[in-house]
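K.L.:
First the structure, then my questions, so here it is.
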Amino acid sequence: MPLISTPHLQSKPKARFGGALHGALQHVEALGDPQQAKQVQQHQPVQEDASTTSIGTPVDEVDNGASYPHLLPKVMVPFSTKPGETPRKVQIQRKRRLYACQDIHQLVSQQGLNFEQLSRQPPEYWDHIEVFDDTDHESRNPEQWVPRIPGIPKSQGKVAVRCQDGSISWMDALVLDFDSTGNRYLVQLQSGAASRSITPTANTAAYPSSRTAGAAASTPSAPFWIPRVQLCFAAEDPALYAKRFAAACVAVSAADVQLAHELCIDSMPIDDVPQLTTEQVNRVLTFAMNSKKLKDRLMDTSTLINEANLEHARAMNKATLQALAAAAGTGNAAQGESSAAEGYAAAAAGASVVGVQLLPLVLPPAEPVKPVPAKGTVEVPATYDFREQLSEFSFRTLLTKPEVIHALSKIRLESSKVIKMSLFNTFSSKSVRLEEFEQLQTAATDSVANHLRDNWSASTKNIIKSAFKDVGKGWYNLAETSFETYRFSKLRRFLGLVRFSMEDTLRFLAEGSMRKFVTFMQGCCSDVVDVASTSKVTVDSKDLSRKAPLLLTELVVAPEGGGFAYSTPVETIHSKIIAVFDRAISKLQGLNQLEPGIMDQLFWPSALLLNSVHLQEEVTVRARDALSGCLLASLQPLRSYLGQYSTYNGLLNVDVESYVQRFAAQGVDLSLADISKEVANQIAELSYMEENLLPTVNLGLVQVNCVKVRDTLLRKKEKLVGMLKAVVARVPRAMVSLTSAKFSELERQVKAKAVSIEEVDAQRKFIAELPAKMASLVAEVEAAKPWYNALEAMRYLLPDEDAKEKLVGISWQNKLMGAAERSLEGLSSDETKYADEMVAQQEDFVSKVNNMATALTAAQQHSNLAKVDIVAGIVSSLDQQLKATQKEAEQLNAREGLLGKPMTDYRNIKQLADQFDPFIQFWTATATWKNNHKSWLTDTFEKLDGETVEKDVSTAYKVLYKMGKAFASRGLDQMAANAETVRLEVEQFKTIVPLVQAMRNPGMRPRHWDQLSADLGSDLHPDSSYTLDKALKQGLLAHLDTITKVADVASKEYSIEQALDKLQREWEGAELGVLEYRDTGTYVIKVEEAMSQQIDDHIVMLQSMAFSPYKKPFEDRLAKWDTTLNLVSEALDQWLALHRTWMYLEPIFSSEDIMQQLPLEGKRFATVDRSWRKTLDAAKRNPNLLKVTSKKHMQCHVHRAPLFSVV
């Protein structure tokens, strides 16, 4: 992209001038060309539209394009002319008329070209003309000839074409486009010329168009490309073009002659030509190697000497050829009589100038010999007043003083140093961060700005002062105090010249710096970057000299999380570089002019500043736009590359521990295939990431360092893979660990020491069943092997503990079988040992049984009820001994069976137990009754439990009655009498039991004791000192019916009280479910179905209790709970309805558009919404259901629920 683009052409007012033809004639005649004036008179107009107007069309008829500079001739006339001078527009119109009436063919002929010879030239001849085109004749660049601006008329011109008869003519054509690299133009012949049978002179088919596919020579009406030398624009001077065309043709002919001449010389033999002598060679070497360094170096000069000999021989051959041509006599005649154009034309036609005895070629014309002047001075016409001109020149010029010339030369030297500077640092050897780049540019800018402000201005000021310090009064008086005198002095003009020079220097510095910086940045941004993936980035670098990208940034995790970003945002790169550009241009502003500082004796009302390029100038705007455009294009790959990393956002945001926990939480549903597939996928992704996540990547302008992000992602993925493998390892470890525990238990049992014959037998049976028990455990170990194989395939190194656990689990079977064999060997010896011990034990047991029989017989002789506690203790001890003896007998019989011996008969022990059992039951029941009876009568009344007393009395009565029958059947009269005596005592006490049950009813309350006291006529309020014996003495047994009636009422009331207490306990701990609702910042309520059902059940229960005849003591509680539960039920129903409506309306009124469309309803909703949120916040802090529904403001809020319906 060029730094300075073609400015947009503004339309200017059209101008028409009458007498076009007459004016053209006068102008042409004034030029002294009557032939052209005749052509103007004979010119006939052709009517066509503006876009296709012929060059020959009268100028007055072509006004619609007169305002476009590319259609107008160039004139060196000011835009604003003085009175009496010819206006600029008039001169332009005159030139247009002049150009339009000239014949290019005739003008070319006047340059000495022979069109007959040109028409016979081959097609490649015209390609040669293009090579020798002299661009010094060009007055405009291609962009000015053919502006690429939509909507403006096309440029017009004449194109050199070959007619059907072979002649060369210039035809009218439109110029459509240009190619600046090949200096060619795309033209299209106009309808009049296209209708003729013509052929372009150049090889147009070999040069395709940028807008068309290229036109073949057979279709002349189609656009085709031609070189510039074959095109004469309508706004171009035809005479100047004719000189250009003729000069190209002459140059081609001259080149042909020169090439033939040089080829002839190169083809001449050099064998007989004498070479340089040794003396000549030595003399040449002496002069060539006269420096000390060349003398010290031993150089091989043979090659150079050979080249010198070759050039010497060629020069001798050239001289010989010229001598032969001179001897022929025709060469001199050709050189002396023919002009250069004629000689080259003759050469082009193939004429022979040299004699036939030589080669048929024309020698190049000899260079003309300059005539020797007669005098050493320039003649001055007599009419020229040299003194007057010198005086006028001296008055006006500044160069009459040596001091001025000396000062200007030094000032220009200082300015040239400034122009060579640059406001920017355009050297880059390595990639730097944006901050470093900004610092480098700032340092470069500040360095130049400081030099301009401190050094350049000061040095320029010192140069002027030192140059004119000794001049004194006059034109260059530095100490002038009169401003009027200073205004007309040459010093003021000189300082103005210096000011203009400094301003030009600043402009050249600014434009050069901008051009360098933009070119530098365009070179840095010229790479074509194709981002296909994170690893596939193709960079087509057009600047091969650049070693590294200009900038360096780093890919990091976004500070707000959830994605990736660059350490330097892309937008910041663009803005900061543009800011660097603007800052540098701004630094050139504010430089003071030197005039006030030099002329310090004068009064200057304000500080004068040097004009410089500012930020709003067109050149600066274009440069900034070019810089911005290339930056925006080069920063796009950064956005594309950052977008490639969006694939890894999921990995970046995932919580590895939570992910693995959720994966492992599947438990039994997690199969080996599933987890192996997951691990394989993660390993494949890890390998893909290692391969495709590059540490650094070149994105043209910027090099991105991705090391941190790459390491972060890889570490996270490696951690995920490692934890998944650990999950896999956890499964077989748990399986083997559980199996090892079971194996350990088996091992413990196998190695257990048998301490009896029973344990020996049990151990043998256990060992016999061991293979069957191990089979399931071995299967469990085998089930873990696929998991271990999978871990091995995953290349997972088991921890030491896991590896040890695995080896132990595999070796358990062999280990247990060896332990079982060793245990069986020890059991045989233990069996023999325990058999011998059992024989001795049986002998002791027989003696023990005999002693037991004697003791039982003695115990049966006791019959004194007064010693019931002592006898009961003896009987209880004998009962325990008898049970132990029976158990030991059973054990001995079992051991005999294990050893295969016949069992010993111990039935006598059973007989002893049956015979002694009545005595055990009697004495035990009697002792228990005696103790209970005493306790019931004398202990505090509060310890009595009516149900327990009734149960104990019934049990004692049944045992005593049964034992009395047993003693009577055995003939033990005394024992039977004792049983009957105690039984009668028990039967007598049974009449008191109803009194105990009534008075110890749990429902008895003070009101009941008050009622009993009133009914009995005496105070009856039992306290801690009240006993059953006291109650009997009060004669309460006689009032049993009255007491029982009151106790029944208390029992019924007690059941209601128990139900209310249970209801209160359940509802005091009930809580309302308050849950967070999305991202609204508030909550929603949740009521379980069981709670709703319980409310209904309790309301029904309370209603049934309200109809009970025993409700009077609890009427207030019943009414309170009925009101409370009904309120809770109603509040929950209303809240749920309100909750559903709020959830429906909340997202609607959260929209700003809805709030704007329904402002009144929105305010209503906002009012209720605030109250609703406060209520839910309070419920969240204290979710107790009874407290939440009992608050007045919440009840009021429930009644506001219909407002939602209104909304």
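Following the order of the structure tokens, chains are lettered A, B, ..., residues in each are numbered from 1, and ligands are numbered from 1.
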Within 8 Å of segment 429-432 of chain A, counting only C-alpha atoms, which residues show up once you throw out same-chain ones fewer than 4 positions away? Write them as a ChimeraX atom specification, please.
P.N.:
/A:436-437,546-552,702-703
K.L.:
Go ahead and dump the residues you just picked, all heavy atoms, as a PDB file, in the first residue's frame.
P.N.:
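Just written: out-v5.pdb:
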```pdb
ATOM      1  N   GLU A 436       7.745  -2.695  25.709  1.00  0.00           N
ATOM      2  CA  GLU A 436       9.108  -2.404  25.286  1.00  0.00           C
ATOM      3  C   GLU A 436       9.113  -1.686  23.942  1.00  0.00           C
ATOM      4  O   GLU A 436       9.906  -0.752  23.728  1.00  0.00           O
ATOM      5  CB  GLU A 436       9.907  -3.705  25.205  1.00  0.00           C
ATOM      6  CG  GLU A 436      10.026  -4.449  26.521  1.00  0.00           C
ATOM      7  CD  GLU A 436      10.766  -5.760  26.359  1.00  0.00           C
ATOM      8  OE1 GLU A 436      11.528  -5.885  25.394  1.00  0.00           O
ATOM      9  OE2 GLU A 436      10.565  -6.665  27.195  1.00  0.00           O
ATOM     10  N   PHE A 437       8.254  -2.124  23.019  1.00  0.00           N
ATOM     11  CA  PHE A 437       8.159  -1.453  21.727  1.00  0.00           C
ATOM     12  C   PHE A 437       7.743   0.000  21.912  1.00  0.00           C
ATOM     13  O   PHE A 437       8.297   0.909  21.269  1.00  0.00           O
ATOM     14  CB  PHE A 437       7.151  -2.195  20.849  1.00  0.00           C
ATOM     15  CG  PHE A 437       6.889  -1.524  19.527  1.00  0.00           C
ATOM     16  CD1 PHE A 437       7.766  -1.678  18.471  1.00  0.00           C
ATOM     17  CD2 PHE A 437       5.750  -0.745  19.335  1.00  0.00           C
ATOM     18  CE1 PHE A 437       7.535  -1.066  17.257  1.00  0.00           C
ATOM     19  CE2 PHE A 437       5.498  -0.132  18.131  1.00  0.00           C
ATOM     20  CZ  PHE A 437       6.413  -0.288  17.083  1.00  0.00           C
ATOM     21  N   ARG A 546      13.374 -10.188   7.521  1.00  0.00           N
ATOM     22  CA  ARG A 546      12.931 -10.058   8.907  1.00  0.00           C
ATOM     23  C   ARG A 546      13.130 -11.378   9.629  1.00  0.00           C
ATOM     24  O   ARG A 546      12.656 -12.429   9.204  1.00  0.00           O
ATOM     25  CB  ARG A 546      11.463  -9.628   8.946  1.00  0.00           C
ATOM     26  CG  ARG A 546      10.962  -9.288  10.309  1.00  0.00           C
ATOM     27  CD  ARG A 546       9.731  -8.391  10.223  1.00  0.00           C
ATOM     28  NE  ARG A 546       8.754  -8.904   9.286  1.00  0.00           N
ATOM     29  CZ  ARG A 546       7.783  -9.766   9.621  1.00  0.00           C
ATOM     30  NH1 ARG A 546       7.699 -10.162  10.866  1.00  0.00           N
ATOM     31  NH2 ARG A 546       6.929 -10.173   8.714  1.00  0.00           N
ATOM     32  N   LYS A 547      13.860 -11.330  10.743  1.00  0.00           N
ATOM     33  CA  LYS A 547      14.224 -12.549  11.449  1.00  0.00           C
ATOM     34  C   LYS A 547      13.120 -13.055  12.366  1.00  0.00           C
ATOM     35  O   LYS A 547      12.959 -14.252  12.544  1.00  0.00           O
ATOM     36  CB  LYS A 547      15.498 -12.308  12.271  1.00  0.00           C
ATOM     37  CG  LYS A 547      16.704 -11.937  11.421  1.00  0.00           C
ATOM     38  CD  LYS A 547      17.925 -11.699  12.291  1.00  0.00           C
ATOM     39  CE  LYS A 547      19.134 -11.307  11.453  1.00  0.00           C
ATOM     40  NZ  LYS A 547      20.332 -11.056  12.289  1.00  0.00           N
ATOM     41  N   ALA A 548      12.384 -12.176  12.974  1.00  0.00           N
ATOM     42  CA  ALA A 548      11.390 -12.580  13.978  1.00  0.00           C
ATOM     43  C   ALA A 548      10.219 -11.614  13.925  1.00  0.00           C
ATOM     44  O   ALA A 548      10.338 -10.503  13.421  1.00  0.00           O
ATOM     45  CB  ALA A 548      12.010 -12.589  15.375  1.00  0.00           C
ATOM     46  N   PRO A 549       9.072 -12.019  14.445  1.00  0.00           N
ATOM     47  CA  PRO A 549       7.940 -11.085  14.538  1.00  0.00           C
ATOM     48  C   PRO A 549       8.305  -9.867  15.365  1.00  0.00           C
ATOM     49  O   PRO A 549       9.217  -9.897  16.199  1.00  0.00           O
ATOM     50  CB  PRO A 549       6.839 -11.922  15.196  1.00  0.00           C
ATOM     51  CG  PRO A 549       7.204 -13.341  14.902  1.00  0.00           C
ATOM     52  CD  PRO A 549       8.695 -13.383  14.869  1.00  0.00           C
ATOM     53  N   LEU A 550       7.596  -8.798  15.124  1.00  0.00           N
ATOM     54  CA  LEU A 550       7.912  -7.534  15.790  1.00  0.00           C
ATOM     55  C   LEU A 550       7.569  -7.588  17.274  1.00  0.00           C
ATOM     56  O   LEU A 550       8.375  -7.201  18.120  1.00  0.00           O
ATOM     57  CB  LEU A 550       7.143  -6.392  15.118  1.00  0.00           C
ATOM     58  CG  LEU A 550       7.297  -5.012  15.762  1.00  0.00           C
ATOM     59  CD1 LEU A 550       8.745  -4.559  15.693  1.00  0.00           C
ATOM     60  CD2 LEU A 550       6.376  -4.004  15.104  1.00  0.00           C
ATOM     61  N   LEU A 551       6.366  -8.081  17.597  1.00  0.00           N
ATOM     62  CA  LEU A 551       5.866  -8.021  18.969  1.00  0.00           C
ATOM     63  C   LEU A 551       5.830  -9.400  19.593  1.00  0.00           C
ATOM     64  O   LEU A 551       5.815 -10.420  18.891  1.00  0.00           O
ATOM     65  CB  LEU A 551       4.472  -7.389  18.994  1.00  0.00           C
ATOM     66  CG  LEU A 551       4.375  -5.955  18.461  1.00  0.00           C
ATOM     67  CD1 LEU A 551       2.935  -5.490  18.496  1.00  0.00           C
ATOM     68  CD2 LEU A 551       5.247  -5.014  19.253  1.00  0.00           C
ATOM     69  N   LEU A 552       5.791  -9.394  20.891  1.00  0.00           N
ATOM     70  CA  LEU A 552       5.731 -10.633  21.668  1.00  0.00           C
ATOM     71  C   LEU A 552       4.635 -10.480  22.707  1.00  0.00           C
ATOM     72  O   LEU A 552       4.573  -9.477  23.425  1.00  0.00           O
ATOM     73  CB  LEU A 552       7.075 -10.898  22.363  1.00  0.00           C
ATOM     74  CG  LEU A 552       7.146 -12.123  23.283  1.00  0.00           C
ATOM     75  CD1 LEU A 552       6.993 -13.402  22.465  1.00  0.00           C
ATOM     76  CD2 LEU A 552       8.474 -12.150  24.028  1.00  0.00           C
ATOM     77  N   VAL A 702       2.916 -10.719  15.467  1.00  0.00           N
ATOM     78  CA  VAL A 702       3.073 -11.031  16.893  1.00  0.00           C
ATOM     79  C   VAL A 702       3.496 -12.478  17.049  1.00  0.00           C
ATOM     80  O   VAL A 702       2.987 -13.365  16.352  1.00  0.00           O
ATOM     81  CB  VAL A 702       1.757 -10.777  17.663  1.00  0.00           C
ATOM     82  CG1 VAL A 702       1.952 -11.037  19.140  1.00  0.00           C
ATOM     83  CG2 VAL A 702       1.269  -9.359  17.437  1.00  0.00           C
ATOM     84  N   GLN A 703       4.422 -12.685  17.940  1.00  0.00           N
ATOM     85  CA  GLN A 703       4.789 -14.028  18.353  1.00  0.00           C
ATOM     86  C   GLN A 703       4.146 -14.301  19.714  1.00  0.00           C
ATOM     87  O   GLN A 703       4.319 -13.521  20.650  1.00  0.00           O
ATOM     88  CB  GLN A 703       6.304 -14.185  18.440  1.00  0.00           C
ATOM     89  CG  GLN A 703       6.742 -15.590  18.884  1.00  0.00           C
ATOM     90  CD  GLN A 703       8.230 -15.789  18.761  1.00  0.00           C
ATOM     91  OE1 GLN A 703       8.862 -15.155  17.927  1.00  0.00           O
ATOM     92  NE2 GLN A 703       8.799 -16.631  19.584  1.00  0.00           N
TER      93      GLN A 703
END
```
K.L.:
Excluding Asp543 of chain A and any residue of its chain fewer than 2 positions from it, enumerate the residues within 12 Å of it, using only C-alpha atoms, and give them as a PyMOL selection string.
P.N.:
chain A and resi 519-528+539-541+545-549+700-701
K.L.:
For the residues in the current selection, export N, CA and C atoms as a CSV table (one decimal), in the first residue's frame.
P.N.:
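Ended up saving to part.csv:
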```csv
chain,number,residue,atom,x,y,z
A,519,THR,N,6.1,2.0,6.3
A,519,THR,CA,6.7,0.9,5.5
A,519,THR,C,7.2,-0.2,6.4
A,520,PHE,N,7.9,0.2,7.5
A,520,PHE,CA,8.4,-0.8,8.5
A,520,PHE,C,7.2,-1.6,9.0
A,521,MET,N,6.1,-1.0,9.4
A,521,MET,CA,5.0,-1.7,10.0
A,521,MET,C,4.3,-2.6,8.9
A,522,GLN,N,4.2,-2.0,7.7
A,522,GLN,CA,3.7,-2.8,6.6
A,522,GLN,C,4.5,-4.1,6.3
A,523,GLY,N,5.8,-3.9,6.4
A,523,GLY,CA,6.7,-5.1,6.3
A,523,GLY,C,6.5,-6.1,7.4
A,524,CYS,N,6.3,-5.6,8.6
A,524,CYS,CA,6.1,-6.5,9.7
A,524,CYS,C,4.7,-7.1,9.6
A,525,CYS,N,3.8,-6.4,9.0
A,525,CYS,CA,2.4,-6.9,8.9
A,525,CYS,C,2.1,-7.6,7.5
A,526,SER,N,3.2,-7.8,6.7
A,526,SER,CA,3.0,-8.2,5.3
A,526,SER,C,2.7,-9.7,5.3
A,527,ASP,N,3.0,-10.5,6.4
A,527,ASP,CA,2.9,-11.9,6.3
A,527,ASP,C,1.4,-12.3,6.2
A,528,VAL,N,1.2,-13.3,5.3
A,528,VAL,CA,-0.2,-13.9,5.2
A,528,VAL,C,-0.2,-15.1,6.1
A,539,VAL,N,2.5,-19.4,7.7
A,539,VAL,CA,2.9,-18.0,7.6
A,539,VAL,C,3.6,-17.8,6.3
A,540,ASP,N,3.0,-17.1,5.3
A,540,ASP,CA,3.7,-16.8,4.0
A,540,ASP,C,4.3,-15.4,4.2
A,541,SER,N,5.6,-15.5,4.5
A,541,SER,CA,6.4,-14.2,4.7
A,541,SER,C,6.9,-13.6,3.4
A,545,SER,N,13.9,-10.8,4.9
A,545,SER,CA,15.0,-10.3,5.7
A,545,SER,C,14.6,-10.2,7.2
A,546,ARG,N,13.4,-10.2,7.5
A,546,ARG,CA,12.9,-10.1,8.9
A,546,ARG,C,13.1,-11.4,9.6
A,547,LYS,N,13.9,-11.3,10.7
A,547,LYS,CA,14.2,-12.5,11.4
A,547,LYS,C,13.1,-13.1,12.4
A,548,ALA,N,12.4,-12.2,13.0
A,548,ALA,CA,11.4,-12.6,14.0
A,548,ALA,C,10.2,-11.6,13.9
A,549,PRO,N,9.1,-12.0,14.4
A,549,PRO,CA,7.9,-11.1,14.5
A,549,PRO,C,8.3,-9.9,15.4
A,700,GLY,N,2.8,-13.8,12.4
A,700,GLY,CA,3.1,-12.6,11.6
A,700,GLY,C,3.6,-11.5,12.3
A,701,LEU,N,2.8,-10.6,12.7
A,701,LEU,CA,3.2,-9.4,13.5
A,701,LEU,C,3.6,-9.7,14.9
```
K.L.:
Would you mind writing down, as an NGL selection string, each residue of segment 560-741 of chain A that DSSP on the backbone assigns to strand (DSSP E)?
P.N.:
:A and (564-566 or 696-698 or 702-705)
K.L.:
DSSP says helix (DSSP H, G or I) for which residues of segment 533-578 of chain A? Put them as an NGL selection string?
P.N.:
:A and (570-578)
K.L.:
Can you list, as a PyMOL selection string, every protein, DNA or RNA residue that comes within 10 Å of Val273 of chain A when you count only C-alpha atoms, leaving out same-chain residues fewer than 5 positions away?
P.N.:
chain A and resi 309-310+312-314+316-317
K.L.:
Which distance in Å separates atom CA of Ser415 of chain A and atom CA of Glu480 of chain A, to one decimal?
P.N.:
26.9 Å
K.L.:
Please report the interatomic distance between atom CA of Trp787 of chain A and atom CA of Trp812 of chain A in Å with one decimal.
P.N.:
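If I compute the distance from atom CA of Trp787 of chain A to atom CA of Trp812 of chain A, I get 18.6 Å.
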K.L.:
Please list as a compact mmCIF listing (two decimals) with N, CA, C and O atoms, in the first residue's frame every residue within 12 Å of Ser109 of chain A, counting only C-alpha atoms and excluding residues in the same chain fewer than 3 positions away.
P.N.:
```txt
# COMPACT_ATOMS: atom_id res chain seq x y z
N ASP A 103 -1.83 16.74 -35.96
CA ASP A 103 -1.81 15.39 -36.53
C ASP A 103 -0.54 14.70 -36.05
O ASP A 103 0.59 15.13 -36.37
N ILE A 104 -0.72 13.64 -35.27
CA ILE A 104 0.43 12.94 -34.70
C ILE A 104 1.28 12.32 -35.81
O ILE A 104 2.52 12.32 -35.76
N HIS A 105 0.65 11.80 -36.84
CA HIS A 105 1.37 11.14 -37.93
C HIS A 105 2.32 12.14 -38.58
O HIS A 105 3.50 11.84 -38.87
N GLN A 106 1.83 13.34 -38.81
CA GLN A 106 2.66 14.35 -39.44
C GLN A 106 3.78 14.79 -38.52
O GLN A 106 4.92 15.01 -38.95
N GLY A 112 11.76 12.90 -38.79
CA GLY A 112 12.69 12.19 -39.66
C GLY A 112 12.44 10.72 -39.77
O GLY A 112 13.31 9.97 -40.26
N LEU A 113 11.33 10.19 -39.29
CA LEU A 113 11.05 8.77 -39.39
C LEU A 113 10.40 8.45 -40.72
O LEU A 113 9.55 9.21 -41.23
N ASN A 114 10.75 7.31 -41.30
CA ASN A 114 10.20 6.84 -42.56
C ASN A 114 9.13 5.82 -42.25
O ASN A 114 9.43 4.71 -41.78
N PHE A 115 7.84 6.15 -42.48
CA PHE A 115 6.75 5.25 -42.13
C PHE A 115 6.72 4.02 -43.02
O PHE A 115 6.20 2.97 -42.63
N GLU A 116 7.24 4.14 -44.25
CA GLU A 116 7.28 2.96 -45.12
C GLU A 116 8.20 1.90 -44.52
O GLU A 116 7.90 0.71 -44.53
N GLN A 117 9.36 2.35 -44.02
CA GLN A 117 10.27 1.40 -43.39
C GLN A 117 9.66 0.86 -42.08
O GLN A 117 9.80 -0.32 -41.76
N LEU A 118 8.97 1.72 -41.32
CA LEU A 118 8.36 1.26 -40.07
C LEU A 118 7.27 0.22 -40.34
O LEU A 118 7.09 -0.73 -39.57
N ILE A 168 0.91 2.55 -40.50
CA ILE A 168 0.78 2.85 -39.08
C ILE A 168 -0.06 4.11 -38.92
O ILE A 168 0.22 5.14 -39.56
N SER A 169 -1.08 4.03 -38.07
CA SER A 169 -1.96 5.17 -37.83
C SER A 169 -2.25 5.26 -36.34
O SER A 169 -2.13 4.28 -35.60
N ALA A 239 3.24 17.19 -29.91
CA ALA A 239 4.61 17.41 -30.39
C ALA A 239 5.62 16.74 -29.48
O ALA A 239 6.57 16.11 -29.95
N ALA A 242 5.43 13.10 -30.15
CA ALA A 242 6.10 12.72 -31.41
C ALA A 242 7.60 12.61 -31.20
O ALA A 242 8.24 11.68 -31.71
N LYS A 243 8.18 13.55 -30.43
CA LYS A 243 9.61 13.44 -30.13
C LYS A 243 9.90 12.17 -29.34
O LYS A 243 10.90 11.51 -29.57
N PHE A 245 8.18 9.32 -29.36
CA PHE A 245 8.03 8.15 -30.22
C PHE A 245 9.22 8.04 -31.18
O PHE A 245 9.80 6.96 -31.38
N ALA A 246 9.62 9.18 -31.76
CA ALA A 246 10.74 9.16 -32.69
C ALA A 246 12.03 8.79 -31.98
O ALA A 246 12.87 8.03 -32.52
N CYS A 249 12.19 5.07 -31.56
CA CYS A 249 12.51 4.38 -32.81
C CYS A 249 13.97 4.54 -33.18
O CYS A 249 14.65 3.59 -33.60
N ALA A 341 19.59 9.99 -37.70
CA ALA A 341 18.30 9.33 -37.94
C ALA A 341 18.31 8.62 -39.27
O ALA A 341 17.82 7.50 -39.39
```
K.L.:
Please compute the atom CA of Cys232 of chain A-atom CA of Val159 of chain A distance, one decimal, in Å.
P.N.:
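Computing it gives 6.5 Å between the two atoms.
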K.L.:
With a cut-off of 10 Å, could you pull out the residues of segment 676-710 of chain A touching segment 563-587 of chain A and give me the nearest pair of atoms for each, distance in Å to one decimal, using only C-alpha atoms, ordered by chain and ascending number, as JSON lines?
P.N.:
```
{"residue": "A:Val702", "atom": "CA", "partner": "A:Ile573", "partner_atom": "CA", "distance": 9.8}
{"residue": "A:Val704", "atom": "CA", "partner": "A:Tyr566", "partner_atom": "CA", "distance": 8.4}
{"residue": "A:Asn705", "atom": "CA", "partner": "A:Tyr566", "partner_atom": "CA", "distance": 9.4}
{"residue": "A:Cys706", "atom": "CA", "partner": "A:Tyr566", "partner_atom": "CA", "distance": 9.5}
{"residue": "A:Val709", "atom": "CA", "partner": "A:Phe564", "partner_atom": "CA", "distance": 8.4}
```
K.L.:
My list of candidates is A:Ala100, A:Ile270, A:Leu777, A:Ala1179. Which is closest to Phe233 of chain A when distances are computed with only C-alpha atoms?
P.N.:
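Distance minimum relative to Phe233 of chain A lands on A:Ala100.
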K.L.:
Taking into account only C-alpha atoms, which residue in the set A:Ser1171, A:Thr400, A:Ser428, A:Thr534 is nearest to Gly643 of chain A?
P.N.:
A:Thr534
